[in-house]
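Enquirer: Hey, dropping model38.pdb in here, PDB, C-alpha atoms and all ligand atoms:
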```
ATOM      1  CA  MET A  19    -103.780 188.421 164.379  1.00  0.00           C
ATOM      2  CA  LYS A  20    -100.193 189.392 163.535  1.00  0.00           C
ATOM      3  CA  GLU A  21    -100.316 192.266 166.029  1.00  0.00           C
ATOM      4  CA  ASN A  22    -101.707 189.896 168.633  1.00  0.00           C
ATOM      5  CA  SER A  23     -98.819 187.457 168.054  1.00  0.00           C
ATOM      6  CA  ALA A  24     -96.286 190.291 168.251  1.00  0.00           C
ATOM      7  CA  LEU A  25     -97.557 191.232 171.711  1.00  0.00           C
ATOM      8  CA  LYS A  26     -96.937 187.669 172.871  1.00  0.00           C
ATOM      9  CA  ILE A  27     -93.612 187.165 171.112  1.00  0.00           C
ATOM     10  CA  ALA A  28     -91.925 190.457 172.075  1.00  0.00           C
ATOM     11  CA  PRO A  29     -91.392 189.748 175.804  1.00  0.00           C
ATOM     12  CA  LEU A  30     -90.152 186.222 175.036  1.00  0.00           C
ATOM     13  CA  ILE A  31     -87.402 187.299 172.632  1.00  0.00           C
ATOM     14  CA  GLY A  32     -86.262 189.883 175.170  1.00  0.00           C
ATOM     15  CA  LEU A  33     -85.437 187.012 177.545  1.00  0.00           C
ATOM     16  CA  ALA A  34     -82.792 185.531 175.231  1.00  0.00           C
ATOM     17  CA  ARG A  35     -79.288 185.676 176.697  1.00  0.00           C
ATOM     18  CA  GLY A  36     -75.724 184.576 176.018  1.00  0.00           C
ATOM     19  CA  VAL A  37     -75.118 182.442 172.945  1.00  0.00           C
ATOM     20  CA  VAL A  38     -78.404 182.117 171.050  1.00  0.00           C
ATOM     21  CA  LEU A  39     -79.613 179.700 168.382  1.00  0.00           C
ATOM     22  CA  ASP A  40     -82.403 181.558 166.568  1.00  0.00           C
ATOM     23  CA  ILE A  41     -84.035 178.745 164.601  1.00  0.00           C
ATOM     24  CA  GLY A  42     -85.869 179.615 161.368  1.00  0.00           C
ATOM     25  CA  PRO A  43     -85.788 183.419 161.735  1.00  0.00           C
ATOM     26  CA  GLY A  44     -87.114 183.890 158.171  1.00  0.00           C
ATOM     27  CA  SER A  45     -86.410 187.457 157.102  1.00  0.00           C
ATOM     28  CA  GLY A  46     -85.863 188.509 160.706  1.00  0.00           C
ATOM     29  CA  GLU A  47     -89.212 189.958 161.657  1.00  0.00           C
ATOM     30  CA  TRP A  48     -88.461 189.579 165.388  1.00  0.00           C
ATOM     31  CA  ILE A  49     -84.716 190.157 165.613  1.00  0.00           C
ATOM     32  CA  GLY A  50     -85.116 193.785 166.671  1.00  0.00           C
ATOM     33  CA  LEU A  51     -86.560 192.459 169.927  1.00  0.00           C
ATOM     34  CA  PHE A  52     -83.286 190.967 171.204  1.00  0.00           C
ATOM     35  CA  ASP A  53     -81.869 192.711 174.259  1.00  0.00           C
ATOM     36  CA  LYS A  54     -78.359 193.633 173.130  1.00  0.00           C
ATOM     37  CA  GLU A  55     -77.237 193.889 176.752  1.00  0.00           C
ATOM     38  CA  LYS A  56     -78.007 190.212 177.280  1.00  0.00           C
ATOM     39  CA  VAL A  57     -76.961 188.446 174.083  1.00  0.00           C
ATOM     40  CA  ILE A  58     -73.349 187.716 173.152  1.00  0.00           C
ATOM     41  CA  LYS A  59     -73.764 185.929 169.840  1.00  0.00           C
ATOM     42  CA  ILE A  60     -76.794 184.930 167.768  1.00  0.00           C
ATOM     43  CA  TYR A  61     -76.754 182.199 165.122  1.00  0.00           C
ATOM     44  CA  GLY A  62     -79.747 182.618 162.819  1.00  0.00           C
ATOM     45  CA  VAL A  63     -80.238 179.096 161.487  1.00  0.00           C
ATOM     46  CA  GLU A  64     -82.173 179.641 158.260  1.00  0.00           C
ATOM     47  CA  PRO A  65     -81.945 177.076 155.420  1.00  0.00           C
ATOM     48  CA  ASN A  66     -84.146 179.034 153.032  1.00  0.00           C
ATOM     49  CA  THR A  67     -81.723 181.324 151.180  1.00  0.00           C
ATOM     50  CA  ASP A  68     -84.648 183.341 149.765  1.00  0.00           C
ATOM     51  CA  HIS A  69     -84.905 184.909 153.236  1.00  0.00           C
ATOM     52  CA  HIS A  70     -81.225 185.768 153.571  1.00  0.00           C
ATOM     53  CA  GLU A  71     -81.239 189.141 151.828  1.00  0.00           C
ATOM     54  CA  GLY A  72     -84.123 190.396 153.973  1.00  0.00           C
ATOM     55  CA  LEU A  73     -82.498 188.935 157.074  1.00  0.00           C
ATOM     56  CA  ARG A  74     -79.180 190.635 156.270  1.00  0.00           C
ATOM     57  CA  ARG A  75     -80.981 193.955 155.817  1.00  0.00           C
ATOM     58  CA  LYS A  76     -82.748 193.557 159.159  1.00  0.00           C
ATOM     59  CA  ILE A  77     -79.507 192.611 160.945  1.00  0.00           C
ATOM     60  CA  LYS A  78     -77.931 195.841 159.700  1.00  0.00           C
ATOM     61  CA  LEU A  79     -80.997 197.944 160.456  1.00  0.00           C
ATOM     62  CA  GLU A  80     -81.154 196.666 164.033  1.00  0.00           C
ATOM     63  CA  GLY A  81     -77.436 197.203 164.655  1.00  0.00           C
ATOM     64  CA  LEU A  82     -76.757 193.481 165.140  1.00  0.00           C
ATOM     65  CA  SER A  83     -74.041 193.069 162.482  1.00  0.00           C
ATOM     66  CA  ASP A  84     -71.330 192.342 165.072  1.00  0.00           C
ATOM     67  CA  ILE A  85     -73.186 189.534 166.770  1.00  0.00           C
ATOM     68  CA  TYR A  86     -75.786 188.044 164.384  1.00  0.00           C
ATOM     69  CA  GLU A  87     -74.500 185.391 161.976  1.00  0.00           C
ATOM     70  CA  ILE A  88     -76.655 183.653 159.387  1.00  0.00           C
ATOM     71  CA  VAL A  89     -76.205 179.878 159.339  1.00  0.00           C
ATOM     72  CA  PRO A  90     -77.494 178.599 155.982  1.00  0.00           C
ATOM     73  CA  VAL A  91     -78.482 175.046 156.959  1.00  0.00           C
ATOM     74  CA  GLY A  92     -81.435 173.219 158.492  1.00  0.00           C
ATOM     75  CA  ALA A  93     -81.137 173.059 162.286  1.00  0.00           C
ATOM     76  CA  GLU A  94     -80.873 169.269 162.142  1.00  0.00           C
ATOM     77  CA  ASP A  95     -77.690 169.675 160.041  1.00  0.00           C
ATOM     78  CA  LEU A  96     -75.902 172.142 162.332  1.00  0.00           C
ATOM     79  CA  GLY A  97     -73.016 169.802 163.127  1.00  0.00           C
ATOM     80  CA  SER A  98     -70.079 171.446 164.903  1.00  0.00           C
ATOM     81  CA  LYS A  99     -68.952 174.051 162.359  1.00  0.00           C
ATOM     82  CA  TRP A 100     -70.647 177.000 164.060  1.00  0.00           C
ATOM     83  CA  ILE A 101     -71.435 175.856 167.571  1.00  0.00           C
ATOM     84  CA  GLN A 102     -70.528 172.886 169.752  1.00  0.00           C
ATOM     85  CA  GLU A 103     -72.914 170.688 171.720  1.00  0.00           C
ATOM     86  CA  GLY A 104     -73.672 172.152 175.156  1.00  0.00           C
ATOM     87  CA  GLU A 105     -72.690 175.689 174.113  1.00  0.00           C
ATOM     88  CA  ALA A 106     -76.032 177.457 173.646  1.00  0.00           C
ATOM     89  CA  ASP A 107     -77.551 179.500 176.455  1.00  0.00           C
ATOM     90  CA  THR A 108     -80.773 180.030 174.519  1.00  0.00           C
ATOM     91  CA  ILE A 109     -82.640 178.319 171.710  1.00  0.00           C
ATOM     92  CA  ILE A 110     -85.556 180.144 170.129  1.00  0.00           C
ATOM     93  CA  THR A 111     -88.253 178.557 168.007  1.00  0.00           C
ATOM     94  CA  VAL A 112     -90.969 181.020 167.046  1.00  0.00           C
ATOM     95  CA  GLN A 113     -93.545 179.890 164.473  1.00  0.00           C
ATOM     96  CA  CYS A 114     -90.947 177.494 163.111  1.00  0.00           C
ATOM     97  CA  LEU A 115     -91.646 173.894 164.184  1.00  0.00           C
ATOM     98  CA  CYS A 116     -94.841 173.984 162.097  1.00  0.00           C
ATOM     99  CA  SER A 117     -92.739 174.340 158.913  1.00  0.00           C
ATOM    100  CA  VAL A 118     -89.888 171.924 159.563  1.00  0.00           C
ATOM    101  CA  ASP A 119     -89.907 168.580 157.699  1.00  0.00           C
ATOM    102  CA  ASN A 120     -88.940 166.428 160.701  1.00  0.00           C
ATOM    103  CA  PRO A 121     -89.694 168.469 163.817  1.00  0.00           C
ATOM    104  CA  LYS A 122     -89.115 165.597 166.272  1.00  0.00           C
ATOM    105  CA  THR A 123     -85.660 164.859 164.837  1.00  0.00           C
ATOM    106  CA  MET A 124     -84.795 168.540 164.824  1.00  0.00           C
ATOM    107  CA  ILE A 125     -85.942 169.064 168.413  1.00  0.00           C
ATOM    108  CA  GLY A 126     -83.907 166.032 169.507  1.00  0.00           C
ATOM    109  CA  SER A 127     -80.716 167.242 167.854  1.00  0.00           C
ATOM    110  CA  LEU A 128     -81.103 170.817 169.127  1.00  0.00           C
ATOM    111  CA  TYR A 129     -81.543 169.641 172.730  1.00  0.00           C
ATOM    112  CA  GLY A 130     -77.885 168.597 172.728  1.00  0.00           C
ATOM    113  CA  TYR A 131     -76.699 172.142 171.898  1.00  0.00           C
ATOM    114  CA  LEU A 132     -78.339 173.598 174.999  1.00  0.00           C
ATOM    115  CA  LYS A 133     -76.071 173.850 178.037  1.00  0.00           C
ATOM    116  CA  PRO A 134     -77.327 172.815 181.486  1.00  0.00           C
ATOM    117  CA  GLY A 135     -79.349 175.772 182.750  1.00  0.00           C
ATOM    118  CA  GLY A 136     -79.955 176.900 179.157  1.00  0.00           C
ATOM    119  CA  GLN A 137     -83.446 177.925 178.058  1.00  0.00           C
ATOM    120  CA  TRP A 138     -85.571 177.014 175.056  1.00  0.00           C
ATOM    121  CA  ILE A 139     -87.976 179.822 174.224  1.00  0.00           C
ATOM    122  CA  VAL A 140     -91.097 178.758 172.362  1.00  0.00           C
ATOM    123  CA  TYR A 141     -94.043 180.286 170.530  1.00  0.00           C
ATOM    124  CA  GLU A 142     -95.637 177.808 168.143  1.00  0.00           C
ATOM    125  CA  HIS A 143     -99.076 176.968 166.872  1.00  0.00           C
ATOM    126  CA  VAL A 144    -100.019 173.396 167.688  1.00  0.00           C
ATOM    127  CA  ILE A 145    -102.601 170.654 167.441  1.00  0.00           C
ATOM    128  CA  THR A 146    -105.829 171.325 169.322  1.00  0.00           C
ATOM    129  CA  HIS A 147    -106.531 169.238 172.413  1.00  0.00           C
ATOM    130  CA  ALA A 148    -110.167 170.330 172.435  1.00  0.00           C
ATOM    131  CA  GLY A 149    -111.232 167.154 170.620  1.00  0.00           C
ATOM    132  CA  GLY A 150    -114.598 166.653 168.857  1.00  0.00           C
ATOM    133  CA  LEU A 151    -115.631 169.005 166.089  1.00  0.00           C
ATOM    134  CA  ILE A 152    -112.756 171.431 166.662  1.00  0.00           C
ATOM    135  CA  ALA A 153    -110.223 168.642 166.100  1.00  0.00           C
ATOM    136  CA  LEU A 154    -112.084 167.492 163.004  1.00  0.00           C
ATOM    137  CA  TYR A 155    -112.219 171.050 161.666  1.00  0.00           C
ATOM    138  CA  GLN A 156    -108.498 171.570 162.348  1.00  0.00           C
ATOM    139  CA  TRP A 157    -107.644 168.297 160.634  1.00  0.00           C
ATOM    140  CA  ALA A 158    -109.744 169.305 157.574  1.00  0.00           C
ATOM    141  CA  ILE A 159    -108.019 172.689 157.321  1.00  0.00           C
ATOM    142  CA  ASP A 160    -104.613 171.048 157.719  1.00  0.00           C
ATOM    143  CA  PHE A 161    -105.360 168.923 154.694  1.00  0.00           C
ATOM    144  CA  VAL A 162    -104.973 171.944 152.386  1.00  0.00           C
ATOM    145  CA  TRP A 163    -103.160 174.522 154.606  1.00  0.00           C
ATOM    146  CA  PRO A 164     -99.570 173.306 153.900  1.00  0.00           C
ATOM    147  CA  TYR A 165    -100.066 173.759 150.136  1.00  0.00           C
ATOM    148  CA  PHE A 166    -100.783 177.453 150.541  1.00  0.00           C
ATOM    149  CA  LEU A 167     -98.434 178.240 153.427  1.00  0.00           C
ATOM    150  CA  GLY A 168     -95.081 176.761 152.471  1.00  0.00           C
ATOM    151  CA  GLY A 169     -95.490 173.354 154.109  1.00  0.00           C
ATOM    152  CA  CYS A 170     -96.746 174.772 157.426  1.00  0.00           C
ATOM    153  CA  SER A 171     -98.848 172.226 159.355  1.00  0.00           C
ATOM    154  CA  ILE A 172    -101.305 173.213 162.082  1.00  0.00           C
ATOM    155  CA  THR A 173    -101.601 169.783 163.701  1.00  0.00           C
ATOM    156  CA  ARG A 174     -98.142 169.409 165.231  1.00  0.00           C
ATOM    157  CA  ASP A 175     -97.827 168.385 168.871  1.00  0.00           C
ATOM    158  CA  SER A 176     -94.707 170.506 169.356  1.00  0.00           C
ATOM    159  CA  GLY A 177     -95.264 171.157 173.068  1.00  0.00           C
ATOM    160  CA  LYS A 178     -95.323 167.420 173.772  1.00  0.00           C
ATOM    161  CA  TRP A 179     -92.272 166.744 171.603  1.00  0.00           C
ATOM    162  CA  LEU A 180     -90.325 169.487 173.360  1.00  0.00           C
ATOM    163  CA  ARG A 181     -91.236 168.119 176.803  1.00  0.00           C
ATOM    164  CA  GLU A 182     -90.110 164.663 175.695  1.00  0.00           C
ATOM    165  CA  ALA A 183     -86.844 165.817 174.065  1.00  0.00           C
ATOM    166  CA  GLY A 184     -84.807 165.106 177.199  1.00  0.00           C
ATOM    167  CA  THR A 185     -84.547 165.856 180.879  1.00  0.00           C
ATOM    168  CA  TRP A 186     -85.662 169.364 181.839  1.00  0.00           C
ATOM    169  CA  HIS A 187     -84.981 171.157 185.096  1.00  0.00           C
ATOM    170  CA  LYS A 188     -88.143 173.210 184.611  1.00  0.00           C
ATOM    171  CA  VAL A 189     -90.932 173.279 182.030  1.00  0.00           C
ATOM    172  CA  ASP A 190     -93.154 176.333 181.801  1.00  0.00           C
ATOM    173  CA  LEU A 191     -95.266 175.790 178.691  1.00  0.00           C
ATOM    174  CA  ARG A 192     -98.868 176.860 178.336  1.00  0.00           C
ATOM    175  CA  GLN A 193    -101.485 178.196 175.951  1.00  0.00           C
ATOM    176  CA  PRO A 194    -101.100 181.988 175.735  1.00  0.00           C
ATOM    177  CA  GLU A 195    -103.375 184.055 177.910  1.00  0.00           C
ATOM    178  CA  GLY A 196    -106.569 185.127 176.180  1.00  0.00           C
ATOM    179  CA  GLU A 197    -106.682 182.203 173.752  1.00  0.00           C
ATOM    180  CA  PRO A 198    -109.903 180.227 174.142  1.00  0.00           C
ATOM    181  CA  SER A 199    -109.440 176.446 174.465  1.00  0.00           C
ATOM    182  CA  TYR A 200    -111.687 175.913 171.420  1.00  0.00           C
ATOM    183  CA  MET A 201    -109.371 177.866 169.091  1.00  0.00           C
ATOM    184  CA  VAL A 202    -108.659 176.191 165.737  1.00  0.00           C
ATOM    185  CA  LEU A 203    -105.144 177.677 165.690  1.00  0.00           C
ATOM    186  CA  PRO A 204    -104.034 177.318 169.317  1.00  0.00           C
ATOM    187  CA  HIS A 205    -100.471 178.100 170.391  1.00  0.00           C
ATOM    188  CA  VAL A 206     -98.027 176.821 172.941  1.00  0.00           C
ATOM    189  CA  THR A 207     -95.660 179.318 174.504  1.00  0.00           C
ATOM    190  CA  GLY A 208     -93.153 179.547 177.306  1.00  0.00           C
ATOM    191  CA  ILE A 209     -89.715 178.334 178.341  1.00  0.00           C
ATOM    192  CA  LEU A 210     -88.113 174.964 178.996  1.00  0.00           C
ATOM    193  CA  THR A 211     -84.990 175.113 181.165  1.00  0.00           C
ATOM    194  CA  LYS A 212     -82.422 172.325 180.890  1.00  0.00           C
TER     195      LYS A 212
HETATM  196  C1  LIG B   1     -93.362 180.211 159.204  1.00  0.00           C
HETATM  197  S1  LIG B   1     -91.702 180.714 158.979  1.00  0.00           S
HETATM  198  C2  LIG B   1     -91.454 181.714 160.433  1.00  0.00           C
HETATM  199  C3  LIG B   1     -90.356 182.683 160.335  1.00  0.00           C
HETATM  200  C4  LIG B   1     -90.101 183.489 161.624  1.00  0.00           C
HETATM  201  N1  LIG B   1     -89.729 182.630 162.728  1.00  0.00           N
HETATM  202  C5  LIG B   1     -91.307 184.306 161.970  1.00  0.00           C
HETATM  203  O1  LIG B   1     -91.942 184.045 163.005  1.00  0.00           O
HETATM  204  O2  LIG B   1     -91.628 185.243 161.222  1.00  0.00           O
HETATM  205  C6  LIG B   1     -90.806 179.213 159.340  1.00  0.00           C
HETATM  206  C7  LIG B   1     -89.315 179.335 159.135  1.00  0.00           C
HETATM  207  O3  LIG B   1     -88.691 178.108 159.495  1.00  0.00           O
HETATM  208  C8  LIG B   1     -87.667 177.859 158.555  1.00  0.00           C
HETATM  209  N2  LIG B   1     -87.309 176.436 158.537  1.00  0.00           N
HETATM  210  C9  LIG B   1     -87.900 175.411 157.874  1.00  0.00           C
HETATM  211  N3  LIG B   1     -87.229 174.268 158.073  1.00  0.00           N
HETATM  212  C10 LIG B   1     -86.189 174.570 158.880  1.00  0.00           C
HETATM  213  C11 LIG B   1     -85.115 173.793 159.446  1.00  0.00           C
HETATM  214  N4  LIG B   1     -85.006 172.489 159.183  1.00  0.00           N
HETATM  215  N5  LIG B   1     -84.221 174.424 160.229  1.00  0.00           N
HETATM  216  C12 LIG B   1     -84.329 175.752 160.498  1.00  0.00           C
HETATM  217  N6  LIG B   1     -85.328 176.531 159.988  1.00  0.00           N
HETATM  218  C13 LIG B   1     -86.230 175.936 159.191  1.00  0.00           C
HETATM  219  C14 LIG B   1     -88.267 178.337 157.238  1.00  0.00           C
HETATM  220  O4  LIG B   1     -87.300 178.522 156.217  1.00  0.00           O
HETATM  221  C15 LIG B   1     -88.942 179.617 157.688  1.00  0.00           C
HETATM  222  O5  LIG B   1     -88.074 180.717 157.646  1.00  0.00           O
END
```
Would you write the structure of this file as structure tokens?

Expert:
Amino acid sequence: MKENSALKIAPLIGLARGVVLDIGPGSGEWIGLFDKEKVIKIYGVEPNTDHHEGLRRKIKLEGLSDIYEIVPVGAEDLGSKWIQEGEADTIITVQCLCSVDNPKTMIGSLYGYLKPGGQWIVYEHVITHAGGLIALYQWAIDFVWPYFLGGCSITRDSGKWLREAGTWHKVDLRQPEGEPSYMVLPHVTGILTK
């Protein structure tokens, strides 16, 4: 499953350009996928300090020390210390919105940091829209899932919340190719352009 996700995530990260807000990078599993020709500066917004040592190691390993800066706060608390509103060319949320305490608030505050023409790159698992037994099954799993997976919820409607965050010039969000509609852990992926 991890390998499958990697195949879907890799081309997305390669699209990041300019000033990037990498939200919830964890220990940096995907940061080697940035195209160094395209990115100028990356802010890795990671509030969980337990991940910072691993993230630092990965930054060094991938030769990103000059451009990748760890920001040790929750994305909703970014303020203006590191980056100003309207300054980001790219925001990335990969397998992150499922673990955030207030995803709607966070999405709303991040929207302001994106400049017009900026892109929000997304790969998240989301609530099923299949209904019936699948929905019931997903809901039952979600009852216990967060206790074992660090607060991660599988019933978030992140695609909808992103669409509703503000005005978008273009929205290209979909379920990844090859995922059946009846999947209990469906994803939403793609790009929203401001
Ligand atoms: C499931 S992990 C995914 C890590 C990484 N994106 C990956 O795909 O391997 C979710 C990450 O989101 C981070 N996170 C949780 N709340 C956050 C917040 N308010 N702002 C930014 N990141 C947050 C967690 O600390 C964690 O590193």

Enquirer: What is the CA of Met124 in chain A-CA of Gly208 in chain A distance in Å, reported with one decimal?

Expert: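 Going from CA of Met124 in chain A over to CA of Gly208 in chain A covers 18.6 Å.
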
Enquirer: Can you tell me how far CA of Asp175 in chain A sits from atom C12 of ligand LIG 1 (chain B), in Å to one decimal?

Expert: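 Here the two named atoms are 17.5 Å from each other.
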
Enquirer: Could you give me, as a ChimeraX atom specification, every polymer residue with an atom at most 8 Å away from an atom of ligand LIG 1 (chain B), counting only C-alpha atoms and all ligand atoms?

Expert: /A:41-48,63-66,69,91-95,111-121,124,167-168,170

Enquirer: Just to confirm, what's the straight-line distance from CA of Gly130 in chain A to CA of Thr67 in chain A in Å (one decimal)?

Expert: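 Between these atoms lies a distance of 25.3 Å.
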
Enquirer: Which residue is closest to Gly50 in chain A? Choose from A:Ala158, A:Leu82, A:Ile109, A:Ile27 and count all atoms listed in the file.

Expert: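 The shortest atom-to-atom distance to Gly50 in chain A comes from A:Leu82.
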
Enquirer: A:Phe52, A:Tyr131, A:Trp100, A:Trp157: which is nearest Ile145 in chain A, counting all atoms listed in the file?

Expert: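 Closest to Ile145 in chain A, using all atoms listed in the file: A:Trp157.
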
Enquirer: Quick one: residues within 8 Å of Ile77 in chain A, only C-alpha atoms counted, chain neighbours fewer than 6 positions away excluded, as a list in words?

Expert: Gly46, Ile49, Ser83 and Tyr86 of chain A

Enquirer: Distance table requested - range 50-166 of chain A against range 30-38 of chain A, cut-off 7 Å, all atoms listed in the file: one row per qualifying residue with the closest atom pair and its distance in Å to one decimal, ordered by chain and rising residue number, as CSV.

Expert:
```
residue,atom,partner,partner_atom,distance
A:Leu51,CA,A:Gly32,CA,5.8
A:Phe52,CA,A:Gly32,CA,5.1
A:Asp53,CA,A:Gly32,CA,5.3
A:Lys56,CA,A:Arg35,CA,4.7
A:Val57,CA,A:Arg35,CA,4.5
A:Ile58,CA,A:Gly36,CA,4.9
A:Lys59,CA,A:Val37,CA,4.9
A:Ile60,CA,A:Val38,CA,4.6
A:Tyr61,CA,A:Val38,CA,6.2
A:Ala106,CA,A:Val37,CA,5.1
A:Asp107,CA,A:Val37,CA,5.2
A:Thr108,CA,A:Val38,CA,4.7
A:Ile109,CA,A:Val38,CA,5.7
A:Ile139,CA,A:Leu30,CA,6.8
```

Enquirer: Using only C-alpha atoms, which of the listed residues (A:Ala183, A:Phe166, A:Glu142, A:Leu73) sits closest to Lys26 in chain A?

Expert: A:Glu142

Enquirer: Excluding Thr146 in chain A and any residue of its chain fewer than 5 positions from it, enumerate the residues within 7 Å of it, using all atoms listed in the file, and give them as a VMD selection string.

Expert: chain A and resid 153 202 204

Enquirer: Report as a ChimeraX atom specification the residues that result from applying the PyMOL selection byres (((chain A and resi 147) around 12) and not hetatm) to the structure here.

Expert: /A:144-146,148-154,156-157,173-175,177-178,193,198-206

Enquirer: Between A:Gln137, A:Ser127, A:Ser171, A:Ser98, which one has atoms that come closest to His187 in chain A, using all atoms listed in the file?

Expert: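 Closest to His187 in chain A, using all atoms listed in the file: A:Gln137.
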
Enquirer: Work out where the centre of an axis-aligned box around every listed atom of range 63-82 of chain A lies and how long its edges are once 3 Å is added on each side; give both in Å to one decimal as JSON.

Expert:
```
{"center_x": -80.8, "center_y": 187.5, "center_z": 157.5, "size_x": 14.1, "size_y": 26.9, "size_z": 21.4}
```

Enquirer: So, counting only C-alpha atoms, which residue among A:Lys99, A:His143, A:Arg75, A:Lys212 is closest to Glu197 in chain A?

Expert: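 Distance minimum relative to Glu197 in chain A lands on A:His143.
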
Enquirer: Of the candidates A:Ile85, A:Gln102, A:Thr211, A:Tyr155, which one gets nearest to Gly184 in chain A if we count all atoms listed in the file?

Expert: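 Ranked by minimum distance to Gly184 in chain A, first place goes to A:Thr211.
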
Enquirer: Would you fill out range 61-74 of chain A with N, CA, C and O atoms and return it as a short mmCIF file (atom, residue, chain, number, x, y, z; two decimals), in the coordinates of the input?

Expert:
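Writing the result to rebuild_9.cif gives the following:
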```cif
data_model
loop_
_atom_site.label_atom_id
_atom_site.label_comp_id
_atom_site.auth_asym_id
_atom_site.auth_seq_id
_atom_site.Cartn_x
_atom_site.Cartn_y
_atom_site.Cartn_z
N TYR A 61 -76.85 182.94 166.38
CA TYR A 61 -76.75 182.20 165.12
C TYR A 61 -78.18 182.08 164.57
O TYR A 61 -79.02 181.42 165.20
N GLY A 62 -78.44 182.71 163.45
CA GLY A 62 -79.75 182.62 162.82
C GLY A 62 -79.74 181.45 161.85
O GLY A 62 -79.19 181.55 160.75
N VAL A 63 -80.31 180.33 162.28
CA VAL A 63 -80.24 179.10 161.49
C VAL A 63 -81.40 179.06 160.49
O VAL A 63 -82.54 178.74 160.85
N GLU A 64 -81.11 179.48 159.26
CA GLU A 64 -82.17 179.64 158.26
C GLU A 64 -81.76 178.98 156.94
O GLU A 64 -80.92 179.51 156.20
N PRO A 65 -82.35 177.79 156.63
CA PRO A 65 -81.94 177.08 155.42
C PRO A 65 -82.49 177.68 154.13
O PRO A 65 -81.95 177.42 153.06
N ASN A 66 -83.53 178.48 154.24
CA ASN A 66 -84.15 179.03 153.03
C ASN A 66 -83.42 180.32 152.61
O ASN A 66 -83.62 181.39 153.19
N THR A 67 -82.58 180.19 151.58
CA THR A 67 -81.72 181.32 151.18
C THR A 67 -82.55 182.50 150.63
O THR A 67 -82.05 183.62 150.58
N ASP A 68 -83.79 182.23 150.24
CA ASP A 68 -84.65 183.34 149.76
C ASP A 68 -84.84 184.39 150.86
O ASP A 68 -85.14 185.55 150.58
N HIS A 69 -84.71 183.96 152.13
CA HIS A 69 -84.90 184.91 153.24
C HIS A 69 -83.63 185.68 153.58
O HIS A 69 -83.68 186.65 154.35
N HIS A 70 -82.49 185.24 153.05
CA HIS A 70 -81.22 185.77 153.57
C HIS A 70 -81.01 187.26 153.30
O HIS A 70 -80.49 187.98 154.15
N GLU A 71 -81.45 187.72 152.13
CA GLU A 71 -81.24 189.14 151.83
C GLU A 71 -82.02 190.01 152.82
O GLU A 71 -81.49 190.97 153.39
N GLY A 72 -83.28 189.65 153.02
CA GLY A 72 -84.12 190.40 153.97
C GLY A 72 -83.55 190.31 155.38
O GLY A 72 -83.53 191.30 156.12
N LEU A 73 -83.06 189.14 155.73
CA LEU A 73 -82.50 188.94 157.07
C LEU A 73 -81.24 189.79 157.24
O LEU A 73 -81.08 190.46 158.28
N ARG A 74 -80.40 189.82 156.21
CA ARG A 74 -79.18 190.64 156.27
C ARG A 74 -79.52 192.11 156.46
O ARG A 74 -78.92 192.81 157.25
#
```
